>>> print(open('input04.csv').read())   # CSV, C-alpha atoms
chain,number,residue,atom,x,y,z
Z,1,MET,CA,55.4,5.0,-50.7
Z,2,LEU,CA,53.2,5.5,-47.6
Z,3,LEU,CA,51.2,2.6,-46.5
Z,4,THR,CA,47.9,3.3,-44.9
Z,5,LYS,CA,46.4,1.0,-42.4
Z,6,ILE,CA,42.8,0.0,-42.7
Z,7,PRO,CA,41.3,0.1,-39.2
Z,8,VAL,CA,40.3,-3.4,-38.0
Z,9,ALA,CA,36.8,-3.5,-36.7
Z,10,ALA,CA,36.9,-3.9,-32.9
Z,11,ALA,CA,35.7,-7.2,-31.7
Z,12,THR,CA,32.1,-7.1,-30.9
Z,13,VAL,CA,31.5,-7.7,-27.2
Z,14,PRO,CA,28.2,-9.5,-26.6
Z,15,ARG,CA,26.0,-7.3,-24.3
Z,16,HIS,CA,23.4,-8.5,-21.9
Z,17,ALA,CA,20.0,-7.9,-23.4
Z,18,ARG,CA,17.7,-6.8,-20.6
Z,19,SER,CA,14.6,-8.9,-20.3
Z,20,PHE,CA,11.2,-7.3,-20.0
Z,21,PHE,CA,11.0,-9.2,-16.7
Z,22,GLU,CA,13.9,-7.4,-15.2
Z,23,PRO,CA,13.5,-4.1,-13.4
Z,24,THR,CA,15.4,-1.2,-14.8
Z,25,ASP,CA,17.5,1.1,-12.7
Z,26,ASP,CA,14.7,3.7,-12.8
Z,27,ASP,CA,12.3,1.0,-11.6
Z,28,LEU,CA,14.5,0.2,-8.6
Z,29,ASP,CA,15.1,3.8,-7.7
Z,30,LEU,CA,11.3,4.5,-7.8
Z,31,TYR,CA,10.7,1.4,-5.6
Z,32,ARG,CA,13.3,2.6,-3.1
Z,33,ASP,CA,12.0,6.1,-2.9
Z,34,ILE,CA,8.4,5.0,-2.3
Z,35,SER,CA,9.5,2.4,0.3
Z,36,TYR,CA,11.2,5.1,2.3
Z,37,LYS,CA,8.3,7.5,1.9
Z,38,LEU,CA,5.7,4.9,3.1
Z,39,LYS,CA,8.1,3.2,5.7
Z,40,ALA,CA,7.2,-0.1,4.0
Z,41,GLN,CA,7.9,-1.8,0.7
Z,42,PRO,CA,4.8,-1.3,-1.4
Z,43,PRO,CA,2.7,-3.9,-3.3
Z,44,SER,CA,2.9,-3.7,-7.1
Z,45,SER,CA,-0.8,-2.5,-7.1
Z,46,LEU,CA,0.2,0.9,-5.8
Z,47,PHE,CA,2.4,1.7,-8.8
Z,48,ARG,CA,-0.6,2.0,-11.1
Z,49,TYR,CA,-1.2,5.4,-9.5
Z,50,LEU,CA,2.3,6.5,-10.3
Z,51,GLN,CA,2.1,6.7,-14.1
Z,52,PRO,CA,4.1,6.8,-16.3
Z,53,ALA,CA,7.1,6.1,-14.0
Z,54,GLY,CA,5.4,3.2,-12.4
Z,55,ARG,CA,4.1,1.5,-15.5
Z,56,HIS,CA,6.8,-1.2,-15.8
Z,57,LEU,CA,6.6,-2.0,-12.1
Z,58,THR,CA,2.8,-2.5,-12.4
Z,59,GLN,CA,3.4,-4.8,-15.4
Z,60,LEU,CA,6.0,-6.8,-13.4
Z,61,GLY,CA,3.5,-7.3,-10.6
Z,62,ASP,CA,0.9,-8.5,-13.0
Z,63,GLU,CA,3.3,-11.2,-14.3
Z,64,GLY,CA,2.9,-13.1,-11.0
Z,65,PRO,CA,4.6,-13.6,-7.6
Z,66,GLY,CA,7.7,-15.2,-9.1
Z,67,VAL,CA,8.6,-12.2,-11.1
Z,68,TRP,CA,7.9,-9.8,-8.2
Z,69,ALA,CA,10.0,-11.9,-5.9
Z,70,GLY,CA,12.9,-11.5,-8.3
Z,71,LEU,CA,12.5,-7.7,-8.0
Z,72,LEU,CA,12.4,-8.0,-4.2
Z,73,ARG,CA,15.7,-9.9,-4.3
Z,74,ARG,CA,17.3,-7.2,-6.4
Z,75,VAL,CA,16.1,-4.5,-4.0
Z,76,GLU,CA,17.3,-6.3,-0.9
Z,77,GLN,CA,20.7,-6.8,-2.5
Z,78,ARG,CA,21.1,-3.2,-3.5
Z,79,TRP,CA,19.6,-1.6,-0.3
Z,80,PRO,CA,19.7,-4.0,2.6
Z,81,GLY,CA,18.5,-1.2,5.0
Z,82,LEU,CA,15.3,-0.6,3.1
Z,83,PRO,CA,12.0,-0.9,5.1
Z,84,SER,CA,10.7,-4.4,5.1
Z,85,HIS,CA,7.9,-5.7,2.9
Z,86,GLY,CA,4.9,-7.6,4.2
Z,87,ARG,CA,2.2,-7.1,6.8
Z,88,VAL,CA,4.4,-6.7,9.9
Z,89,ALA,CA,4.9,-3.0,10.9
Z,90,SER,CA,8.2,-1.5,12.0
Z,91,ASP,CA,7.0,-1.7,15.7
Z,92,GLY,CA,6.2,-5.4,15.3
Z,93,THR,CA,2.4,-5.0,14.9
Z,94,ARG,CA,0.9,-7.5,12.5
Z,95,LEU,CA,-1.7,-6.1,10.2
Z,96,ASN,CA,-4.0,-8.0,7.8
Z,97,SER,CA,-2.5,-6.7,4.6
Z,98,THR,CA,0.4,-4.5,3.3
Z,99,PRO,CA,-2.0,-1.6,2.5
Z,100,GLU,CA,-3.2,-1.7,6.1
Z,101,ARG,CA,0.4,-1.7,7.3
Z,102,ILE,CA,1.2,1.4,5.2
Z,103,ALA,CA,-1.8,3.2,6.7
Z,104,TYR,CA,-0.7,2.1,10.2
Z,105,GLU,CA,2.9,3.3,9.6
Z,106,ALA,CA,1.6,6.7,8.7
Z,107,ILE,CA,-0.8,7.3,11.6
Z,108,LYS,CA,0.6,5.4,14.5
Z,109,PRO,CA,3.4,7.9,15.3
Z,110,ILE,CA,0.9,10.8,15.6
Z,111,VAL,CA,-1.8,9.1,17.7
Z,112,PRO,CA,-2.4,11.6,20.7
Z,113,ARG,CA,-1.9,10.2,24.2
Z,114,ASP,CA,-5.5,10.6,25.1
Z,115,VAL,CA,-6.7,8.7,22.0
Z,116,ALA,CA,-6.6,4.9,21.3
Z,117,LEU,CA,-6.1,3.3,18.0
Z,118,ASP,CA,-7.7,-0.2,17.9
Z,119,LEU,CA,-7.3,-2.8,15.3
Z,120,GLU,CA,-10.0,-5.3,14.1
Z,121,ILE,CA,-12.9,-4.2,16.3
Z,122,ALA,CA,-16.1,-6.1,15.7
Z,123,LEU,CA,-18.9,-3.8,14.6
Z,124,ASP,CA,-21.4,-5.9,16.5
Z,125,PRO,CA,-20.0,-8.7,18.7
Z,126,SER,CA,-23.4,-10.4,18.8
Z,127,GLN,CA,-23.7,-10.7,15.0
Z,128,GLN,CA,-22.7,-13.8,13.1
Z,129,PRO,CA,-20.7,-13.8,11.0
Z,130,ARG,CA,-18.8,-10.9,12.7
Z,131,PHE,CA,-17.6,-8.0,10.7
Z,132,TYR,CA,-14.6,-6.0,11.8
Z,133,SER,CA,-13.4,-2.5,11.1
Z,134,ASP,CA,-9.7,-2.1,10.0
Z,135,PHE,CA,-9.0,0.7,12.5
Z,136,ALA,CA,-11.1,2.3,15.2
Z,137,ILE,CA,-10.2,5.6,16.9
Z,138,ARG,CA,-11.5,5.9,20.4
Z,139,PHE,CA,-11.8,9.0,22.5
Z,140,GLY,CA,-13.6,8.2,25.7
Z,141,SER,CA,-16.8,6.4,24.7
Z,142,ARG,CA,-16.8,7.9,21.2
Z,143,VAL,CA,-15.5,5.9,18.2
Z,144,MET,CA,-14.7,6.5,14.6
Z,145,HIS,CA,-13.9,3.7,12.1
Z,146,ILE,CA,-11.4,3.7,9.3
Z,147,GLU,CA,-11.6,1.2,6.4
Z,148,ILE,CA,-8.6,0.5,4.1
Z,149,VAL,CA,-9.5,-0.6,0.6
Z,150,GLY,CA,-6.6,-2.6,-0.8
Z,151,ALA,CA,-8.5,-3.6,-3.9
Z,152,CYS,CA,-8.6,-0.4,-5.9
Z,153,GLY,CA,-8.4,3.4,-5.9
Z,154,ALA,CA,-11.2,5.8,-5.2
Z,155,ASP,CA,-12.4,5.2,-8.8
Z,156,ARG,CA,-13.2,1.6,-7.7
Z,157,VAL,CA,-11.7,0.1,-10.8
Z,158,THR,CA,-10.4,-3.4,-10.2
Z,159,ARG,CA,-7.9,-5.2,-12.5
Z,160,ASN,CA,-8.5,-8.9,-11.8
Z,161,ASP,CA,-10.8,-11.3,-10.1
Z,162,CYS,CA,-8.9,-11.2,-6.8
Z,163,GLU,CA,-9.3,-7.4,-6.5
Z,164,ALA,CA,-13.0,-7.7,-7.6
Z,165,ASN,CA,-13.6,-10.2,-4.8
Z,166,LEU,CA,-11.8,-8.0,-2.2
Z,167,LEU,CA,-14.0,-5.0,-3.3
Z,168,ALA,CA,-17.1,-7.2,-3.0
Z,169,GLN,CA,-16.1,-8.1,0.6
Z,170,PHE,CA,-15.6,-4.5,1.4
Z,171,ASP,CA,-19.0,-3.6,0.1
Z,172,ARG,CA,-20.6,-6.3,2.3
Z,173,ARG,CA,-18.8,-4.6,5.3
Z,174,LEU,CA,-20.2,-1.3,4.2
Z,175,GLU,CA,-23.7,-2.7,4.3
Z,176,VAL,CA,-23.2,-3.7,7.9
Z,177,TYR,CA,-22.0,-0.2,8.7
Z,178,ARG,CA,-25.2,1.1,7.1
Z,179,GLN,CA,-27.3,-1.3,9.1
Z,180,LYS,CA,-25.7,0.0,12.3
Z,181,CYS,CA,-26.1,3.7,11.1
Z,182,LEU,CA,-22.3,4.1,11.1
Z,183,THR,CA,-20.2,6.0,8.5
Z,184,PRO,CA,-16.6,4.9,8.3
Z,185,GLU,CA,-13.7,6.9,6.9
Z,186,ILE,CA,-12.5,5.2,3.7
Z,187,TRP,CA,-8.9,5.2,2.5
Z,188,TYR,CA,-8.3,3.8,-1.0
Z,189,LEU,CA,-5.0,2.5,-2.5
Z,190,ASN,CA,-4.2,5.8,-4.2
Z,191,ASP,CA,-4.6,7.6,-0.8
Z,192,LEU,CA,-1.9,5.5,0.7
Z,193,LEU,CA,0.8,7.2,-1.5
Z,194,GLU,CA,0.5,10.4,0.5
Z,195,PRO,CA,1.2,9.6,4.2
Z,196,ALA,CA,1.2,13.3,5.1
Z,197,GLN,CA,-2.4,13.6,3.8
Z,198,LEU,CA,-3.4,10.5,5.8
Z,199,GLN,CA,-2.1,12.1,8.9
Z,200,LYS,CA,-4.1,15.3,8.3
Z,201,ARG,CA,-7.3,13.2,7.7
Z,202,PHE,CA,-6.6,11.2,10.9
Z,203,LEU,CA,-6.1,14.3,13.0
Z,204,ALA,CA,-9.3,15.8,11.5
Z,205,LEU,CA,-11.2,12.7,12.7
Z,206,VAL,CA,-9.7,13.0,16.2
Z,207,ALA,CA,-10.8,16.7,16.2
Z,208,GLN,CA,-14.4,15.5,15.3
Z,209,LEU,CA,-14.3,13.0,18.2
Z,210,ARG,CA,-13.2,15.6,20.7
Z,211,ALA,CA,-16.0,17.9,19.4
Z,212,GLY,CA,-18.5,15.3,20.2
Z,213,GLY,CA,-18.7,13.5,16.9
Z,214,GLY,CA,-18.5,9.8,16.1
Z,215,SER,CA,-19.4,7.2,13.5
>>> encode(input="input04.csv", output="structure tokens")
Amino acid sequence: MLLTKIPVAAATVPRHARSFFEPTDDDLDLYRDISYKLKAQPPSSLFRYLQPAGRHLTQLGDEGPGVWAGLLRRVEQRWPGLPSHGRVASDGTRLNSTPERIAYEAIKPIVPRDVALDLEIALDPSQQPRFYSDFAIRFGSRVMHIEIVGACGADRVTRNDCEANLLAQFDRRLEVYRQKCLTPEIWYLNDLLEPAQLQKRFLALVAQLRAGGGS
């Protein structure tokens, strides 16, 4: 008589259930790729313009600084050579915000030798309170200003009170520009995701200055 063995069910090994608050491998890979592209680790606000791949990263950023700090720790452990996060550029220049740093990282390497890129230039030194442009391109006595809008994309849609306040501050600066009959170049959050396009726009402004233009 043949005896047949009834297979014994394999012991169930408890698996780690991934929390919503943990980045997935795809999240981390996207974060890495964008960091190398921008030469800076991006704020969570940028990922809203990378849908659907950036949806979870956007949600993690919305959960607060503690959750986002956990993601940064994971990133730094996995890729210690990744560009840094924060406002300090790779050449040591300190900017006012991470979006400004991303714009700076894009255009600084291509500034022509006969052109100056100034940071935080007062639109009118005699005015109180003073309003400053983010970047000013100078060619001789001619100047063009660039404003970096870190609050939203070109659609001007804000997601929270902080962004709404930042956009209101920007609009107050725009009013000062209008009073001075100046027209700044405006780069929004979604523009920052394409450094090559920022470089083209920057060089077009330089060409305008050389042709006698200015803001």
>>> residues_around(input="input04.csv", residues="Leu182 in chain Z", least_positions_apart="6", cutoff="12 Å", atoms="all atoms listed in the file", output="list in words")
Leu123, Asp124, Ser133, Val143, Met144, His145, Ile146, Arg173, Leu174, Glu175, Val176, Gly213, Gly214 and Ser215 of chain Z
>>> atom_distance(input="input04.csv", atom1="CA of Val67 in chain Z", atom2="CA of Arg94 in chain Z")
25.3 Å
>>> closest_residue(input="input04.csv", among="Z:Asp161, Z:Asp26, Z:Glu185, Z:Glu76", to="Ala136 in chain Z", atoms="all atoms listed in the file")
Z:Glu185
>>> atom_distance(input="input04.csv", atom1="CA of Thr58 in chain Z", atom2="CA of Leu46 in chain Z")
7.9 Å
>>> closest_residue(input="input04.csv", among="Z:Leu189, Z:Leu117, Z:Cys181, Z:Leu95", to="Val157 in chain Z", atoms="only C-alpha atoms")
Z:Leu189
>>> closest_residue(input="input04.csv", among="Z:Glu105, Z:Glu147, Z:Glu63, Z:Asp114", to="Phe131 in chain Z", atoms="all atoms listed in the file")
Z:Glu147
>>> residues_around(input="input04.csv", residues="Arg55 in chain Z", least_positions_apart="6", cutoff="12 Å", atoms="only C-alpha atoms", output="VMD selection string")
chain Z and resid 23 to 24 26 to 27 30 to 31 44 to 49 61 to 62
>>> closest_residue(input="input04.csv", among="Z:Gly150, Z:Gly54, Z:Pro65, Z:Pro80", to="Ile34 in chain Z", atoms="only C-alpha atoms")
Z:Gly54
>>> atom_distance(input="input04.csv", atom1="CA of Arg178 in chain Z", atom2="CA of Arg210 in chain Z")
23.2 Å
>>> residues_around(input="input04.csv", residues="Gly86 in chain Z", least_positions_apart="4", cutoff="9 Å", atoms="only C-alpha atoms", output="number ranges by chain")
Z: 40-43, 97-98, 101
>>> closest_residue(input="input04.csv", among="Z:Ile137, Z:Ala106, Z:Leu193, Z:Ile148", to="Leu209 in chain Z", atoms="all atoms listed in the file")
Z:Ile137
>>> residues_around(input="input04.csv", residues="Tyr188 in chain Z", least_positions_apart="4", cutoff="8 Å", atoms="all atoms listed in the file", output="compact mmCIF listing (two decimals) with C-alpha atoms, keeping the file's coordinate frame")
# COMPACT_ATOMS: atom_id res chain seq x y z
CA ILE Z 148 -8.60 0.50 4.10
CA VAL Z 149 -9.50 -0.60 0.60
CA GLY Z 150 -6.60 -2.60 -0.80
CA ALA Z 151 -8.50 -3.60 -3.90
CA CYS Z 152 -8.60 -0.40 -5.90
CA GLY Z 153 -8.40 3.40 -5.90
CA ALA Z 154 -11.20 5.80 -5.20
CA LEU Z 192 -1.90 5.50 0.70
>>> closest_residue(input="input04.csv", among="Z:Asp33, Z:Asp134, Z:Asp25, Z:Glu194", to="Phe170 in chain Z", atoms="all atoms listed in the file")
Z:Asp134
>>> axis_aligned_box(input="input04.csv", around="range 132-146 of chain Z", padding_each_side="3 Å", output="AutoDock Vina command-line options")
--center_x -12.9 --center_y 1.5 --center_z 17.5 --size_x 13.8 --size_y 21.0 --size_z 22.4
>>> build_atoms(input="input04.csv", residues="range 123-134 of chain Z", atoms="all heavy atoms", output="mmCIF file, in the coordinates of the input")
data_model
loop_
_atom_site.group_PDB
_atom_site.id
_atom_site.type_symbol
_atom_site.label_atom_id
_atom_site.label_comp_id
_atom_site.auth_asym_id
_atom_site.auth_seq_id
_atom_site.Cartn_x
_atom_site.Cartn_y
_atom_site.Cartn_z
ATOM 1 N N LEU Z 123 -17.854 -4.791 14.641
ATOM 2 C CA LEU Z 123 -18.900 -3.800 14.600
ATOM 3 C C LEU Z 123 -20.068 -4.148 15.495
ATOM 4 O O LEU Z 123 -20.701 -3.286 16.097
ATOM 5 C CB LEU Z 123 -19.391 -3.594 13.152
ATOM 6 C CG LEU Z 123 -18.337 -3.122 12.141
ATOM 7 C CD1 LEU Z 123 -18.965 -2.946 10.769
ATOM 8 C CD2 LEU Z 123 -17.696 -1.818 12.600
ATOM 9 N N ASP Z 124 -20.350 -5.440 15.583
ATOM 10 C CA ASP Z 124 -21.400 -5.900 16.500
ATOM 11 C C ASP Z 124 -20.993 -7.306 16.968
ATOM 12 O O ASP Z 124 -21.112 -8.299 16.239
ATOM 13 C CB ASP Z 124 -22.741 -6.005 15.723
ATOM 14 C CG ASP Z 124 -23.894 -6.425 16.634
ATOM 15 O OD1 ASP Z 124 -23.632 -6.849 17.773
ATOM 16 O OD2 ASP Z 124 -25.051 -6.319 16.205
ATOM 17 N N PRO Z 125 -20.468 -7.397 18.195
ATOM 18 C CA PRO Z 125 -20.000 -8.700 18.700
ATOM 19 C C PRO Z 125 -21.026 -9.785 18.724
ATOM 20 O O PRO Z 125 -20.690 -10.976 18.705
ATOM 21 C CB PRO Z 125 -19.511 -8.346 20.129
ATOM 22 C CG PRO Z 125 -19.241 -6.881 20.104
ATOM 23 C CD PRO Z 125 -20.251 -6.304 19.150
ATOM 24 N N SER Z 126 -22.310 -9.408 18.749
ATOM 25 C CA SER Z 126 -23.400 -10.400 18.800
ATOM 26 C C SER Z 126 -23.770 -10.945 17.438
ATOM 27 O O SER Z 126 -24.511 -11.923 17.333
ATOM 28 C CB SER Z 126 -24.607 -9.833 19.498
ATOM 29 O OG SER Z 126 -25.162 -8.783 18.729
ATOM 30 N N GLN Z 127 -23.261 -10.303 16.397
ATOM 31 C CA GLN Z 127 -23.700 -10.700 15.000
ATOM 32 C C GLN Z 127 -22.798 -11.807 14.500
ATOM 33 O O GLN Z 127 -21.597 -11.846 14.732
ATOM 34 C CB GLN Z 127 -23.569 -9.466 14.117
ATOM 35 C CG GLN Z 127 -24.099 -9.704 12.707
ATOM 36 C CD GLN Z 127 -24.016 -8.424 11.881
ATOM 37 O OE1 GLN Z 127 -23.165 -7.579 12.093
ATOM 38 N NE2 GLN Z 127 -24.915 -8.281 10.937
ATOM 39 N N GLN Z 128 -23.412 -12.740 13.790
ATOM 40 C CA GLN Z 128 -22.700 -13.800 13.100
ATOM 41 C C GLN Z 128 -23.074 -13.861 11.648
ATOM 42 O O GLN Z 128 -24.256 -13.863 11.327
ATOM 43 C CB GLN Z 128 -23.021 -15.165 13.791
ATOM 44 C CG GLN Z 128 -22.546 -15.298 15.232
ATOM 45 C CD GLN Z 128 -21.045 -15.252 15.358
ATOM 46 O OE1 GLN Z 128 -20.317 -15.634 14.428
ATOM 47 N NE2 GLN Z 128 -20.540 -14.787 16.496
ATOM 48 N N PRO Z 129 -22.104 -13.874 10.725
ATOM 49 C CA PRO Z 129 -20.700 -13.800 11.000
ATOM 50 C C PRO Z 129 -20.317 -12.343 11.463
ATOM 51 O O PRO Z 129 -21.021 -11.393 11.140
ATOM 52 C CB PRO Z 129 -20.025 -14.083 9.675
ATOM 53 C CG PRO Z 129 -21.025 -13.640 8.661
ATOM 54 C CD PRO Z 129 -22.371 -13.947 9.272
ATOM 55 N N ARG Z 130 -19.246 -12.235 12.211
ATOM 56 C CA ARG Z 130 -18.800 -10.900 12.700
ATOM 57 C C ARG Z 130 -18.101 -10.153 11.593
ATOM 58 O O ARG Z 130 -17.373 -10.728 10.805
ATOM 59 C CB ARG Z 130 -17.896 -11.079 13.899
ATOM 60 C CG ARG Z 130 -18.593 -11.562 15.160
ATOM 61 C CD ARG Z 130 -17.633 -11.603 16.325
ATOM 62 N NE ARG Z 130 -18.291 -12.057 17.547
ATOM 63 C CZ ARG Z 130 -17.680 -12.219 18.704
ATOM 64 N NH1 ARG Z 130 -16.384 -11.976 18.798
ATOM 65 N NH2 ARG Z 130 -18.351 -12.639 19.763
ATOM 66 N N PHE Z 131 -18.311 -8.854 11.583
ATOM 67 C CA PHE Z 131 -17.600 -8.000 10.700
ATOM 68 C C PHE Z 131 -16.751 -7.015 11.501
ATOM 69 O O PHE Z 131 -17.218 -6.475 12.509
ATOM 70 C CB PHE Z 131 -18.580 -7.197 9.789
ATOM 71 C CG PHE Z 131 -19.213 -8.030 8.719
ATOM 72 C CD1 PHE Z 131 -20.351 -8.784 8.994
ATOM 73 C CD2 PHE Z 131 -18.673 -8.092 7.442
ATOM 74 C CE1 PHE Z 131 -20.942 -9.569 8.011
ATOM 75 C CE2 PHE Z 131 -19.256 -8.873 6.457
ATOM 76 C CZ PHE Z 131 -20.392 -9.610 6.740
ATOM 77 N N TYR Z 132 -15.513 -6.811 11.060
ATOM 78 C CA TYR Z 132 -14.600 -6.000 11.800
ATOM 79 C C TYR Z 132 -14.106 -4.802 11.039
ATOM 80 O O TYR Z 132 -13.909 -4.873 9.823
ATOM 81 C CB TYR Z 132 -13.319 -6.871 12.168
ATOM 82 C CG TYR Z 132 -13.620 -8.112 12.975
ATOM 83 C CD1 TYR Z 132 -14.021 -9.294 12.356
ATOM 84 C CD2 TYR Z 132 -13.492 -8.110 14.363
ATOM 85 C CE1 TYR Z 132 -14.299 -10.438 13.095
ATOM 86 C CE2 TYR Z 132 -13.757 -9.246 15.112
ATOM 87 C CZ TYR Z 132 -14.162 -10.405 14.466
ATOM 88 O OH TYR Z 132 -14.437 -11.539 15.195
ATOM 89 N N SER Z 133 -13.942 -3.703 11.735
ATOM 90 C CA SER Z 133 -13.400 -2.500 11.100
ATOM 91 C C SER Z 133 -11.843 -2.685 11.071
ATOM 92 O O SER Z 133 -11.265 -3.356 11.930
ATOM 93 C CB SER Z 133 -13.755 -1.247 11.821
ATOM 94 O OG SER Z 133 -13.159 -1.204 13.100
ATOM 95 N N ASP Z 134 -11.187 -2.061 10.095
ATOM 96 C CA ASP Z 134 -9.700 -2.100 10.000
ATOM 97 C C ASP Z 134 -9.093 -1.395 11.211
ATOM 98 O O ASP Z 134 -8.261 -1.939 11.931
ATOM 99 C CB ASP Z 134 -9.230 -1.571 8.708
ATOM 100 C CG ASP Z 134 -9.639 -2.445 7.535
ATOM 101 O OD1 ASP Z 134 -9.761 -3.674 7.713
ATOM 102 O OD2 ASP Z 134 -9.839 -1.899 6.434
#
